[in-house]
Amino acid sequence: MHLSTATLTGLRTEAAAQLPQVVALRHALHRTPELGLQLPATQRLVLDALAPLDLEISTGSALTSVVAVLRGARPGPAVLLRGDMDGLPVTEDTGEEFTSQNVGVMHACGHDLHTSGLVGAARLLAARREQIAGSVVFMFQPGEEGDGGAELMIAEGVLDAAGERVVAGYGLHVMSSLLPAGAVISRPGPMLAAADSARITVHGRGGHGSMPHLAADPVPVAASIVLALQQMVTREFDVFDPVVVTVGHLQAGTVNNVIPSQALVEVTLRSFSAEGRAKLAAGVRRVAEHIALAHAMTATVEYEPGYPVTVNTAVEVDRTADVTAGLFGERAFALAPSPIPGAEDFSYVLEQVPGAFFGLGATPDDVDPATAPYNHSAQARYADRALAVGPAVLAGLALDRLAQEEPV
């Protein structure tokens with residue numbers, strides 16, 4: 001690590017001192033969540049919060065993103081810090097005093113903490129402009145929840161916003177359970193899964209339920225496909241490069257005595273390597289089409305690629321561990337024993353540049369992390385005090401990576 005004890009102490013102290021200000025922004029964001037790529041109220045809150053910091057600020061064209069560039073006192077490379085801003089179509093049921101005022105929309109995944117935390121990191125770094133050799137790009141991103149906002153921001157130039165390609169990118173995700181507030185986890189290699197989906201339609205021939213021999217019943221064929229997909233996972237994929245296949249929607253027919261002409265199977269697919277992802281896509285298609293053919297029917301497979309695998313760079317995970325331990329002690333960081341099956345579009349950033357994505361515990365102190373509602377739940381609550389940790393770690397990562405380029 002390239003940061004002095006004095007620098008680490010200063011970051012930790014100032015992150016704690018600014019906590020009330022960051023929490024106030026988090027609560028304002030939580031009250032007014034928005035969905036998708038267009039978040040005008042959220043964008044306005046971010047722009048107002050960044051206004052005093054003397055940053056180079058631009059906004060997106062295809063989405064209401066905010067990109068802010070901090071120029072250090074001396075020339076050097078650029079690094080990127082990211083916070084996503086969108087909510088979820090969930091009706092809040094937390095009882096928080098700052099509960100969502102937008103009915104049917106909630107920051108159930110903690111993106112309000114990501115956004116306010118990134119503002120907090122920007123404040124910490126702006127106060128240290130004189131010691132920075134290089135630039136920091138702050139990426140405030142809409143549309144993480146399925147809309148691919150990171151990919152759109154990359155297309156609009158966020159990775160080159162400082163005038164050259166960033167040399168590293170860092171992001172975090174808060175967790176409303178599993179980890180105590182303030183704990184940090186990450187791992188080298190795959191951190192989060194690729195998430196794809198498939199819509200399988202079995203085409204049969206409808207008829208009377210009493211005379212199946214005069215029809216071509218797609219229902220048992222669909223059932224066979226569901227079971228064969230599970231068998232494919234256990235027989236064809238390496239247990240050390242796992243995949244997950246979950247049928248979440250199965251639909252056929254309207255009444256019990258009519259054989260339908262079609263059956264629908266909808267599947268979510270998770271994988272942890274590019275090779276596993278490609279093999280899974282081919283396998284789903286093969287299983288569906290050939291089982292249908294074995295029963296003299298056909299199946300069409302509409303395969304929808306989602307976010308790719310989120311892959312961390314080993315040296316940047318080591319940096320995350322060192323910075324976190326330097327700020328908050330050795331027990332503040334732990335290596336995740338395995339990847340998390342959720343997916344993230346920060347994966348698009350990490351496909352382009354080295355970096356690290358880490359989890360930040362935000363379980364409220366009044367609940368057990370083992371039983372607290374998890375992210376996306378209508379009851380998911382997040383501890384404000386995690387906002388004394390996330391901004392300090394993000395700022396520390398930026399300072400440490402830029403200090404790496406300084407002459408000895």
# chains A, B, ... in the order shown; residues from 1 in each chain; ligands from 1
call {"tool": "select_by_dssp", "arguments": {"residues": "stretch 288-336 of chain A", "states": "alpha helix (DSSP H)", "output": "compact mmCIF listing (two decimals) with all heavy atoms, in the first residue's frame"}}
result
# COMPACT_ATOMS: atom_id res chain seq x y z
N ALA A 288 -33.85 -28.24 -25.30
CA ALA A 288 -35.24 -27.90 -25.62
C ALA A 288 -35.62 -28.40 -27.02
O ALA A 288 -36.68 -29.03 -27.20
CB ALA A 288 -35.43 -26.39 -25.52
N GLU A 289 -34.79 -28.10 -27.98
CA GLU A 289 -35.14 -28.44 -29.36
C GLU A 289 -35.18 -29.94 -29.58
O GLU A 289 -36.09 -30.46 -30.26
CB GLU A 289 -34.14 -27.79 -30.32
CG GLU A 289 -34.25 -26.26 -30.35
CD GLU A 289 -33.22 -25.61 -31.25
OE1 GLU A 289 -32.25 -26.30 -31.65
OE2 GLU A 289 -33.37 -24.41 -31.54
N HIS A 290 -34.26 -30.68 -28.97
CA HIS A 290 -34.18 -32.11 -29.25
C HIS A 290 -35.21 -32.90 -28.45
O HIS A 290 -35.71 -33.94 -28.94
CB HIS A 290 -32.76 -32.61 -29.01
CG HIS A 290 -31.81 -32.21 -30.09
ND1 HIS A 290 -31.31 -33.09 -31.02
CD2 HIS A 290 -31.28 -31.00 -30.41
CE1 HIS A 290 -30.50 -32.44 -31.86
NE2 HIS A 290 -30.47 -31.17 -31.50
N ILE A 291 -35.54 -32.48 -27.26
CA ILE A 291 -36.62 -33.16 -26.54
C ILE A 291 -37.94 -32.96 -27.28
O ILE A 291 -38.75 -33.89 -27.43
CB ILE A 291 -36.70 -32.66 -25.08
CG1 ILE A 291 -35.53 -33.25 -24.28
CG2 ILE A 291 -38.04 -33.04 -24.45
CD1 ILE A 291 -35.50 -32.82 -22.84
N ALA A 292 -38.18 -31.75 -27.74
CA ALA A 292 -39.39 -31.52 -28.53
C ALA A 292 -39.40 -32.39 -29.78
O ALA A 292 -40.43 -33.01 -30.12
CB ALA A 292 -39.50 -30.05 -28.90
N LEU A 293 -38.27 -32.47 -30.47
CA LEU A 293 -38.18 -33.27 -31.69
C LEU A 293 -38.43 -34.75 -31.40
O LEU A 293 -39.07 -35.46 -32.20
CB LEU A 293 -36.79 -33.09 -32.32
CG LEU A 293 -36.57 -33.75 -33.67
CD1 LEU A 293 -37.52 -33.18 -34.72
CD2 LEU A 293 -35.11 -33.56 -34.10
N ALA A 294 -37.95 -35.23 -30.24
CA ALA A 294 -38.17 -36.63 -29.88
C ALA A 294 -39.65 -36.96 -29.73
O ALA A 294 -40.05 -38.12 -29.84
CB ALA A 294 -37.44 -36.95 -28.58
N ALA A 314 -6.92 -9.47 -9.52
CA ALA A 314 -6.37 -9.93 -8.24
C ALA A 314 -5.61 -8.83 -7.51
O ALA A 314 -5.79 -8.64 -6.30
CB ALA A 314 -5.46 -11.14 -8.47
N VAL A 315 -4.77 -8.08 -8.22
CA VAL A 315 -3.98 -7.04 -7.56
C VAL A 315 -4.87 -5.95 -6.98
O VAL A 315 -4.55 -5.35 -5.94
CB VAL A 315 -2.91 -6.47 -8.51
CG1 VAL A 315 -3.57 -5.68 -9.65
CG2 VAL A 315 -1.91 -5.60 -7.77
N GLU A 316 -6.01 -5.69 -7.63
CA GLU A 316 -6.92 -4.65 -7.12
C GLU A 316 -7.73 -5.15 -5.93
O GLU A 316 -8.12 -4.36 -5.06
CB GLU A 316 -7.82 -4.14 -8.24
CG GLU A 316 -7.07 -3.50 -9.40
CD GLU A 316 -6.19 -2.32 -8.99
OE1 GLU A 316 -6.41 -1.76 -7.90
OE2 GLU A 316 -5.29 -1.96 -9.75
N VAL A 317 -7.98 -6.45 -5.86
CA VAL A 317 -8.60 -7.01 -4.65
C VAL A 317 -7.61 -6.92 -3.49
O VAL A 317 -7.98 -6.59 -2.35
CB VAL A 317 -9.05 -8.45 -4.88
CG1 VAL A 317 -9.55 -9.09 -3.59
CG2 VAL A 317 -10.16 -8.49 -5.93
N ASP A 318 -6.33 -7.21 -3.75
CA ASP A 318 -5.31 -7.05 -2.72
C ASP A 318 -5.26 -5.60 -2.24
O ASP A 318 -5.12 -5.34 -1.03
CB ASP A 318 -3.94 -7.45 -3.26
CG ASP A 318 -3.80 -8.94 -3.51
OD1 ASP A 318 -4.63 -9.72 -2.97
OD2 ASP A 318 -2.88 -9.34 -4.25
N ARG A 319 -5.37 -4.67 -3.16
CA ARG A 319 -5.37 -3.25 -2.79
C ARG A 319 -6.58 -2.94 -1.90
O ARG A 319 -6.49 -2.23 -0.90
CB ARG A 319 -5.39 -2.38 -4.04
CG ARG A 319 -5.16 -0.88 -3.75
CD ARG A 319 -5.38 -0.02 -4.99
NE ARG A 319 -4.73 -0.51 -6.19
CZ ARG A 319 -3.44 -0.32 -6.46
NH1 ARG A 319 -2.68 0.36 -5.63
NH2 ARG A 319 -2.91 -0.80 -7.57
N THR A 320 -7.76 -3.48 -2.28
CA THR A 320 -8.96 -3.26 -1.48
C THR A 320 -8.79 -3.80 -0.08
O THR A 320 -9.18 -3.16 0.91
CB THR A 320 -10.17 -3.93 -2.16
OG1 THR A 320 -10.29 -3.44 -3.50
CG2 THR A 320 -11.46 -3.63 -1.41
N ALA A 321 -8.19 -4.99 0.04
CA ALA A 321 -7.94 -5.58 1.36
C ALA A 321 -7.00 -4.70 2.18
O ALA A 321 -7.25 -4.45 3.36
CB ALA A 321 -7.37 -6.98 1.20
N ASP A 322 -5.91 -4.24 1.56
CA ASP A 322 -4.92 -3.44 2.27
C ASP A 322 -5.49 -2.09 2.71
O ASP A 322 -5.26 -1.65 3.85
CB ASP A 322 -3.69 -3.22 1.39
CG ASP A 322 -2.89 -4.49 1.16
OD1 ASP A 322 -3.10 -5.47 1.92
OD2 ASP A 322 -2.07 -4.52 0.23
N VAL A 323 -6.20 -1.43 1.82
CA VAL A 323 -6.77 -0.12 2.15
C VAL A 323 -7.82 -0.26 3.25
O VAL A 323 -7.84 0.53 4.21
CB VAL A 323 -7.35 0.55 0.89
CG1 VAL A 323 -8.22 1.75 1.26
CG2 VAL A 323 -6.24 0.97 -0.06
N THR A 324 -8.70 -1.25 3.12
CA THR A 324 -9.73 -1.44 4.14
C THR A 324 -9.11 -1.75 5.50
O THR A 324 -9.52 -1.17 6.53
CB THR A 324 -10.68 -2.58 3.73
OG1 THR A 324 -11.25 -2.29 2.45
CG2 THR A 324 -11.80 -2.75 4.74
N ALA A 325 -8.13 -2.64 5.53
CA ALA A 325 -7.46 -2.98 6.79
C ALA A 325 -6.73 -1.77 7.35
O ALA A 325 -6.73 -1.55 8.57
CB ALA A 325 -6.51 -4.14 6.57
N GLY A 326 -6.09 -0.98 6.48
CA GLY A 326 -5.39 0.20 6.95
C GLY A 326 -6.34 1.23 7.55
O GLY A 326 -5.99 1.93 8.50
N LEU A 327 -7.54 1.31 7.02
CA LEU A 327 -8.53 2.27 7.52
C LEU A 327 -9.24 1.78 8.78
O LEU A 327 -9.44 2.54 9.74
CB LEU A 327 -9.59 2.53 6.44
CG LEU A 327 -9.18 3.42 5.28
CD1 LEU A 327 -10.18 3.29 4.14
CD2 LEU A 327 -9.09 4.88 5.73
N PHE A 328 -9.64 0.50 8.78
CA PHE A 328 -10.56 0.02 9.82
C PHE A 328 -10.10 -1.24 10.55
O PHE A 328 -10.86 -1.79 11.33
CB PHE A 328 -11.94 -0.22 9.19
CG PHE A 328 -12.55 1.02 8.59
CD1 PHE A 328 -12.58 1.20 7.22
CD2 PHE A 328 -13.06 2.01 9.40
CE1 PHE A 328 -13.12 2.35 6.66
CE2 PHE A 328 -13.61 3.17 8.85
CZ PHE A 328 -13.64 3.34 7.48
call {"tool": "select_by_dssp", "arguments": {"residues": "stretch 357-404 of chain A", "states": "strand (DSSP E or B)", "output": "ChimeraX atom specification"}}
result
/A:357-363
call {"tool": "residues_around", "arguments": {"residues": "A:Phe237", "least_positions_apart": "3", "cutoff": "12 Å", "atoms": "only C-alpha atoms", "output": "VMD selection string"}}
result
chain A and resid 229 to 234 240 to 245 271 to 273 275 to 280 283
call {"tool": "residues_around", "arguments": {"residues": "A:Phe140", "least_positions_apart": "3", "cutoff": "9 Å", "atoms": "only C-alpha atoms", "output": "list in words"}}
result
Gln43, Val46, Ser65, Val66, Val67, Ala68, Leu81, Arg82, Gly83, Asp84, Met85, Thr115 and Leu118 of chain A
call {"tool": "residues_around", "arguments": {"residues": "stretch 38-42 of chain A", "least_positions_apart": "5", "cutoff": "8 Å", "atoms": "only C-alpha atoms", "output": "list in words"}}
result
Leu29, Thr32, Pro33, Leu63, Thr64, Met85, Asp86, Pro142 and Gly143 of chain A
call {"tool": "write_last_selection", "arguments": {"atoms": "C-alpha atoms", "output": "PDB file, in the first residue's frame"}}
result
ATOM      1  CA  LEU A  29     -32.660   9.966  -2.297  1.00  0.00           C
ATOM      2  CA  THR A  32     -37.758   9.946  -4.078  1.00  0.00           C
ATOM      3  CA  PRO A  33     -36.628   6.756  -5.864  1.00  0.00           C
ATOM      4  CA  LEU A  63     -29.725   8.492 -19.777  1.00  0.00           C
ATOM      5  CA  THR A  64     -29.701  10.914 -16.845  1.00  0.00           C
ATOM      6  CA  MET A  85     -28.680   5.430  -8.725  1.00  0.00           C
ATOM      7  CA  ASP A  86     -31.889   3.603  -9.745  1.00  0.00           C
ATOM      8  CA  PRO A 142     -28.821   5.111 -13.838  1.00  0.00           C
ATOM      9  CA  GLY A 143     -30.287   1.849 -15.046  1.00  0.00           C
TER      10      GLY A 143
END
call {"tool": "residues_around", "arguments": {"residues": "stretch 1-17 of chain A", "least_positions_apart": "6", "cutoff": "12 Å", "atoms": "only C-alpha atoms", "output": "NGL selection string"}}
result
:A and (23 or 117-128 or 131-132 or 315-316 or 318-329 or 384-408)
call {"tool": "write_last_selection", "arguments": {"atoms": "N, CA and C atoms", "output": "short mmCIF file (atom, residue, chain, number, x, y, z; two decimals), in the first residue's frame"}}
result
data_model
loop_
_atom_site.label_atom_id
_atom_site.label_comp_id
_atom_site.auth_asym_id
_atom_site.auth_seq_id
_atom_site.Cartn_x
_atom_site.Cartn_y
_atom_site.Cartn_z
N VAL A 23 -25.61 11.02 5.18
CA VAL A 23 -26.86 10.35 5.54
C VAL A 23 -28.06 11.19 5.12
N GLY A 117 -22.91 7.68 -1.01
CA GLY A 117 -21.55 7.31 -0.65
C GLY A 117 -20.53 7.80 -1.66
N LEU A 118 -20.88 7.79 -2.94
CA LEU A 118 -19.95 8.28 -3.95
C LEU A 118 -19.79 9.80 -3.83
N VAL A 119 -20.86 10.49 -3.49
CA VAL A 119 -20.72 11.92 -3.21
C VAL A 119 -19.79 12.13 -2.02
N GLY A 120 -19.93 11.29 -1.00
CA GLY A 120 -19.04 11.37 0.14
C GLY A 120 -17.59 11.14 -0.24
N ALA A 121 -17.33 10.16 -1.10
CA ALA A 121 -15.96 9.92 -1.57
C ALA A 121 -15.44 11.11 -2.35
N ALA A 122 -16.30 11.73 -3.16
CA ALA A 122 -15.88 12.92 -3.91
C ALA A 122 -15.48 14.05 -2.97
N ARG A 123 -16.22 14.22 -1.88
CA ARG A 123 -15.86 15.27 -0.91
C ARG A 123 -14.51 14.98 -0.27
N LEU A 124 -14.28 13.73 0.11
CA LEU A 124 -13.00 13.36 0.72
C LEU A 124 -11.84 13.62 -0.23
N LEU A 125 -12.02 13.30 -1.48
CA LEU A 125 -10.94 13.46 -2.45
C LEU A 125 -10.75 14.91 -2.85
N ALA A 126 -11.84 15.67 -2.96
CA ALA A 126 -11.72 17.09 -3.30
C ALA A 126 -10.92 17.83 -2.23
N ALA A 127 -11.05 17.39 -0.99
CA ALA A 127 -10.30 18.01 0.10
C ALA A 127 -8.81 17.64 0.05
N ARG A 128 -8.46 16.66 -0.79
CA ARG A 128 -7.07 16.21 -0.91
C ARG A 128 -6.52 16.44 -2.31
N GLN A 131 -2.73 16.58 -2.99
CA GLN A 131 -1.87 15.41 -2.93
C GLN A 131 -2.13 14.41 -4.05
N ILE A 132 -3.02 14.75 -4.97
CA ILE A 132 -3.39 13.83 -6.06
C ILE A 132 -2.59 14.14 -7.32
N VAL A 315 -4.77 -8.08 -8.22
CA VAL A 315 -3.98 -7.04 -7.56
C VAL A 315 -4.87 -5.95 -6.98
N GLU A 316 -6.01 -5.69 -7.63
CA GLU A 316 -6.92 -4.65 -7.12
C GLU A 316 -7.73 -5.15 -5.93
N ASP A 318 -6.33 -7.21 -3.75
CA ASP A 318 -5.31 -7.05 -2.72
C ASP A 318 -5.26 -5.60 -2.24
N ARG A 319 -5.37 -4.67 -3.16
CA ARG A 319 -5.37 -3.25 -2.79
C ARG A 319 -6.58 -2.94 -1.90
N THR A 320 -7.76 -3.48 -2.28
CA THR A 320 -8.96 -3.26 -1.48
C THR A 320 -8.79 -3.80 -0.08
N ALA A 321 -8.19 -4.99 0.04
CA ALA A 321 -7.94 -5.58 1.36
C ALA A 321 -7.00 -4.70 2.18
N ASP A 322 -5.91 -4.24 1.56
CA ASP A 322 -4.92 -3.44 2.27
C ASP A 322 -5.49 -2.09 2.71
N VAL A 323 -6.20 -1.43 1.82
CA VAL A 323 -6.77 -0.12 2.15
C VAL A 323 -7.82 -0.26 3.25
N THR A 324 -8.70 -1.25 3.12
CA THR A 324 -9.73 -1.44 4.14
C THR A 324 -9.11 -1.75 5.50
N ALA A 325 -8.13 -2.64 5.53
CA ALA A 325 -7.46 -2.98 6.79
C ALA A 325 -6.73 -1.77 7.35
N GLY A 326 -6.09 -0.98 6.48
CA GLY A 326 -5.39 0.20 6.95
C GLY A 326 -6.34 1.23 7.55
N LEU A 327 -7.54 1.31 7.02
CA LEU A 327 -8.53 2.27 7.52
C LEU A 327 -9.24 1.78 8.78
N PHE A 328 -9.64 0.50 8.78
CA PHE A 328 -10.56 0.02 9.82
C PHE A 328 -10.10 -1.24 10.55
N GLY A 329 -8.88 -1.67 10.29
CA GLY A 329 -8.36 -2.84 10.99
C GLY A 329 -8.45 -4.11 10.16
N ASP A 384 -27.26 3.27 8.16
CA ASP A 384 -26.61 4.50 7.72
C ASP A 384 -25.12 4.51 8.04
N ARG A 385 -24.73 3.84 9.11
CA ARG A 385 -23.33 3.96 9.52
C ARG A 385 -22.36 3.28 8.53
N ALA A 386 -22.90 2.46 7.63
CA ALA A 386 -22.04 1.93 6.57
C ALA A 386 -21.47 3.06 5.70
N LEU A 387 -22.14 4.22 5.71
CA LEU A 387 -21.69 5.36 4.90
C LEU A 387 -20.49 6.07 5.51
N ALA A 388 -20.02 5.62 6.67
CA ALA A 388 -18.72 6.08 7.17
C ALA A 388 -17.59 5.20 6.66
N VAL A 389 -17.95 4.04 6.10
CA VAL A 389 -16.95 3.08 5.63
C VAL A 389 -16.79 3.14 4.10
N GLY A 390 -17.89 2.98 3.36
CA GLY A 390 -17.80 2.93 1.91
C GLY A 390 -17.08 4.10 1.29
N PRO A 391 -17.43 5.36 1.61
CA PRO A 391 -16.73 6.49 1.00
C PRO A 391 -15.24 6.51 1.32
N ALA A 392 -14.88 6.14 2.56
CA ALA A 392 -13.46 6.14 2.93
C ALA A 392 -12.69 5.10 2.13
N VAL A 393 -13.28 3.90 1.95
CA VAL A 393 -12.60 2.86 1.18
C VAL A 393 -12.46 3.28 -0.28
N LEU A 394 -13.53 3.80 -0.88
CA LEU A 394 -13.45 4.24 -2.28
C LEU A 394 -12.40 5.32 -2.45
N ALA A 395 -12.42 6.32 -1.58
CA ALA A 395 -11.43 7.39 -1.68
C ALA A 395 -10.01 6.85 -1.48
N GLY A 396 -9.86 5.93 -0.52
CA GLY A 396 -8.56 5.35 -0.27
C GLY A 396 -8.05 4.55 -1.46
N LEU A 397 -8.93 3.83 -2.14
CA LEU A 397 -8.53 3.08 -3.33
C LEU A 397 -8.03 4.01 -4.43
N ALA A 398 -8.76 5.12 -4.65
CA ALA A 398 -8.34 6.07 -5.68
C ALA A 398 -6.98 6.67 -5.34
N LEU A 399 -6.81 7.09 -4.10
CA LEU A 399 -5.53 7.70 -3.69
C LEU A 399 -4.39 6.70 -3.80
N ASP A 400 -4.63 5.47 -3.37
CA ASP A 400 -3.57 4.47 -3.39
C ASP A 400 -3.16 4.10 -4.81
N ARG A 401 -4.16 3.94 -5.70
CA ARG A 401 -3.83 3.59 -7.09
C ARG A 401 -3.08 4.71 -7.78
N LEU A 402 -3.47 5.96 -7.54
CA LEU A 402 -2.77 7.08 -8.17
C LEU A 402 -1.38 7.27 -7.57
N ALA A 403 -1.23 7.02 -6.29
CA ALA A 403 0.08 7.12 -5.65
C ALA A 403 1.05 6.08 -6.19
N GLN A 404 0.52 4.98 -6.71
CA GLN A 404 1.34 3.94 -7.31
C GLN A 404 2.18 4.46 -8.46
N GLU A 405 1.69 5.48 -9.15
CA GLU A 405 2.37 6.03 -10.31
C GLU A 405 3.38 7.11 -9.95
N GLU A 406 3.40 7.54 -8.69
CA GLU A 406 4.31 8.61 -8.28
C GLU A 406 5.77 8.11 -8.30
N PRO A 407 6.71 8.96 -8.72
CA PRO A 407 8.11 8.55 -8.68
C PRO A 407 8.58 8.36 -7.24
N VAL A 408 9.40 7.36 -7.04
CA VAL A 408 9.92 7.05 -5.71
C VAL A 408 10.99 8.07 -5.33
#
call {"tool": "atom_distance", "arguments": {"atom1": "atom CA of A:Gln141", "atom2": "atom CA of A:Pro77"}}
result
22.0 Å
call {"tool": "residues_around", "arguments": {"residues": "A:Gly206", "least_positions_apart": "2", "cutoff": "8 Å", "atoms": "only C-alpha atoms", "output": "VMD selection string"}}
result
chain A and resid 204 208 215 to 217 258 to 262
call {"tool": "write_last_selection", "arguments": {"atoms": "all heavy atoms", "output": "PDB file, in the first residue's frame"}}
result
ATOM      1  N   GLY A 204     -47.076 -27.567 -30.027  1.00  0.00           N
ATOM      2  CA  GLY A 204     -47.758 -28.838 -30.231  1.00  0.00           C
ATOM      3  C   GLY A 204     -48.992 -28.656 -31.109  1.00  0.00           C
ATOM      4  O   GLY A 204     -49.025 -27.807 -32.006  1.00  0.00           O
ATOM      5  N   HIS A 208     -58.755 -32.368 -27.606  1.00  0.00           N
ATOM      6  CA  HIS A 208     -59.583 -32.712 -26.450  1.00  0.00           C
ATOM      7  C   HIS A 208     -58.765 -33.526 -25.453  1.00  0.00           C
ATOM      8  O   HIS A 208     -58.017 -34.428 -25.833  1.00  0.00           O
ATOM      9  CB  HIS A 208     -60.807 -33.525 -26.898  1.00  0.00           C
ATOM     10  CG  HIS A 208     -61.918 -33.516 -25.905  1.00  0.00           C
ATOM     11  ND1 HIS A 208     -61.852 -34.205 -24.723  1.00  0.00           N
ATOM     12  CD2 HIS A 208     -63.133 -32.899 -25.920  1.00  0.00           C
ATOM     13  CE1 HIS A 208     -62.958 -34.019 -24.037  1.00  0.00           C
ATOM     14  NE2 HIS A 208     -63.773 -33.225 -24.745  1.00  0.00           N
ATOM     15  N   ALA A 215     -54.018 -35.370 -30.679  1.00  0.00           N
ATOM     16  CA  ALA A 215     -53.368 -34.071 -30.537  1.00  0.00           C
ATOM     17  C   ALA A 215     -51.860 -34.279 -30.419  1.00  0.00           C
ATOM     18  O   ALA A 215     -51.357 -35.401 -30.582  1.00  0.00           O
ATOM     19  CB  ALA A 215     -53.921 -33.352 -29.297  1.00  0.00           C
ATOM     20  N   ALA A 216     -51.147 -33.220 -30.203  1.00  0.00           N
ATOM     21  CA  ALA A 216     -49.712 -33.282 -29.891  1.00  0.00           C
ATOM     22  C   ALA A 216     -49.517 -32.428 -28.643  1.00  0.00           C
ATOM     23  O   ALA A 216     -49.454 -31.198 -28.717  1.00  0.00           O
ATOM     24  CB  ALA A 216     -48.873 -32.762 -31.060  1.00  0.00           C
ATOM     25  N   ASP A 217     -49.495 -33.089 -27.494  1.00  0.00           N
ATOM     26  CA  ASP A 217     -49.573 -32.403 -26.206  1.00  0.00           C
ATOM     27  C   ASP A 217     -48.215 -31.806 -25.813  1.00  0.00           C
ATOM     28  O   ASP A 217     -47.248 -32.542 -25.543  1.00  0.00           O
ATOM     29  CB  ASP A 217     -50.032 -33.405 -25.146  1.00  0.00           C
ATOM     30  CG  ASP A 217     -50.383 -32.733 -23.833  1.00  0.00           C
ATOM     31  OD1 ASP A 217     -50.098 -31.536 -23.677  1.00  0.00           O
ATOM     32  OD2 ASP A 217     -50.938 -33.422 -22.955  1.00  0.00           O
ATOM     33  N   VAL A 258     -58.692 -29.542 -21.943  1.00  0.00           N
ATOM     34  CA  VAL A 258     -58.268 -29.071 -23.259  1.00  0.00           C
ATOM     35  C   VAL A 258     -56.750 -29.163 -23.351  1.00  0.00           C
ATOM     36  O   VAL A 258     -56.035 -28.631 -22.492  1.00  0.00           O
ATOM     37  CB  VAL A 258     -58.720 -27.626 -23.523  1.00  0.00           C
ATOM     38  CG1 VAL A 258     -58.145 -27.109 -24.846  1.00  0.00           C
ATOM     39  CG2 VAL A 258     -60.238 -27.528 -23.527  1.00  0.00           C
ATOM     40  N   ILE A 259     -56.264 -29.852 -24.349  1.00  0.00           N
ATOM     41  CA  ILE A 259     -54.824 -29.901 -24.615  1.00  0.00           C
ATOM     42  C   ILE A 259     -54.445 -28.625 -25.350  1.00  0.00           C
ATOM     43  O   ILE A 259     -54.997 -28.327 -26.416  1.00  0.00           O
ATOM     44  CB  ILE A 259     -54.467 -31.136 -25.457  1.00  0.00           C
ATOM     45  CG1 ILE A 259     -54.716 -32.405 -24.634  1.00  0.00           C
ATOM     46  CG2 ILE A 259     -53.017 -31.071 -25.932  1.00  0.00           C
ATOM     47  CD1 ILE A 259     -54.588 -33.686 -25.436  1.00  0.00           C
ATOM     48  N   PRO A 260     -53.514 -27.830 -24.804  1.00  0.00           N
ATOM     49  CA  PRO A 260     -53.157 -26.574 -25.467  1.00  0.00           C
ATOM     50  C   PRO A 260     -52.246 -26.821 -26.656  1.00  0.00           C
ATOM     51  O   PRO A 260     -51.652 -27.897 -26.815  1.00  0.00           O
ATOM     52  CB  PRO A 260     -52.429 -25.804 -24.373  1.00  0.00           C
ATOM     53  CG  PRO A 260     -51.804 -26.867 -23.541  1.00  0.00           C
ATOM     54  CD  PRO A 260     -52.767 -28.023 -23.559  1.00  0.00           C
ATOM     55  N   SER A 261     -52.125 -25.805 -27.486  1.00  0.00           N
ATOM     56  CA  SER A 261     -51.247 -25.931 -28.650  1.00  0.00           C
ATOM     57  C   SER A 261     -49.811 -25.519 -28.337  1.00  0.00           C
ATOM     58  O   SER A 261     -48.890 -25.852 -29.094  1.00  0.00           O
ATOM     59  CB  SER A 261     -51.782 -25.068 -29.803  1.00  0.00           C
ATOM     60  OG  SER A 261     -51.830 -23.705 -29.416  1.00  0.00           O
ATOM     61  N   GLN A 262     -49.628 -24.823 -27.212  1.00  0.00           N
ATOM     62  CA  GLN A 262     -48.289 -24.377 -26.849  1.00  0.00           C
ATOM     63  C   GLN A 262     -48.087 -24.488 -25.344  1.00  0.00           C
ATOM     64  O   GLN A 262     -49.034 -24.474 -24.568  1.00  0.00           O
ATOM     65  CB  GLN A 262     -48.052 -22.920 -27.275  1.00  0.00           C
ATOM     66  CG  GLN A 262     -47.984 -22.700 -28.775  1.00  0.00           C
ATOM     67  CD  GLN A 262     -47.598 -21.260 -29.117  1.00  0.00           C
ATOM     68  OE1 GLN A 262     -47.667 -20.367 -28.272  1.00  0.00           O
ATOM     69  NE2 GLN A 262     -47.186 -21.044 -30.351  1.00  0.00           N
TER      70      GLN A 262
END
call {"tool": "closest_residue", "arguments": {"among": "A:Leu55, A:Val69, A:Leu35, A:Leu113", "to": "A:Val22", "atoms": "only C-alpha atoms"}}
result
A:Leu113
call {"tool": "closest_residue", "arguments": {"among": "A:Thr201, A:Asn102, A:Ser177, A:Thr310", "to": "A:Tyr374", "atoms": "only C-alpha atoms"}}
result
A:Ser177
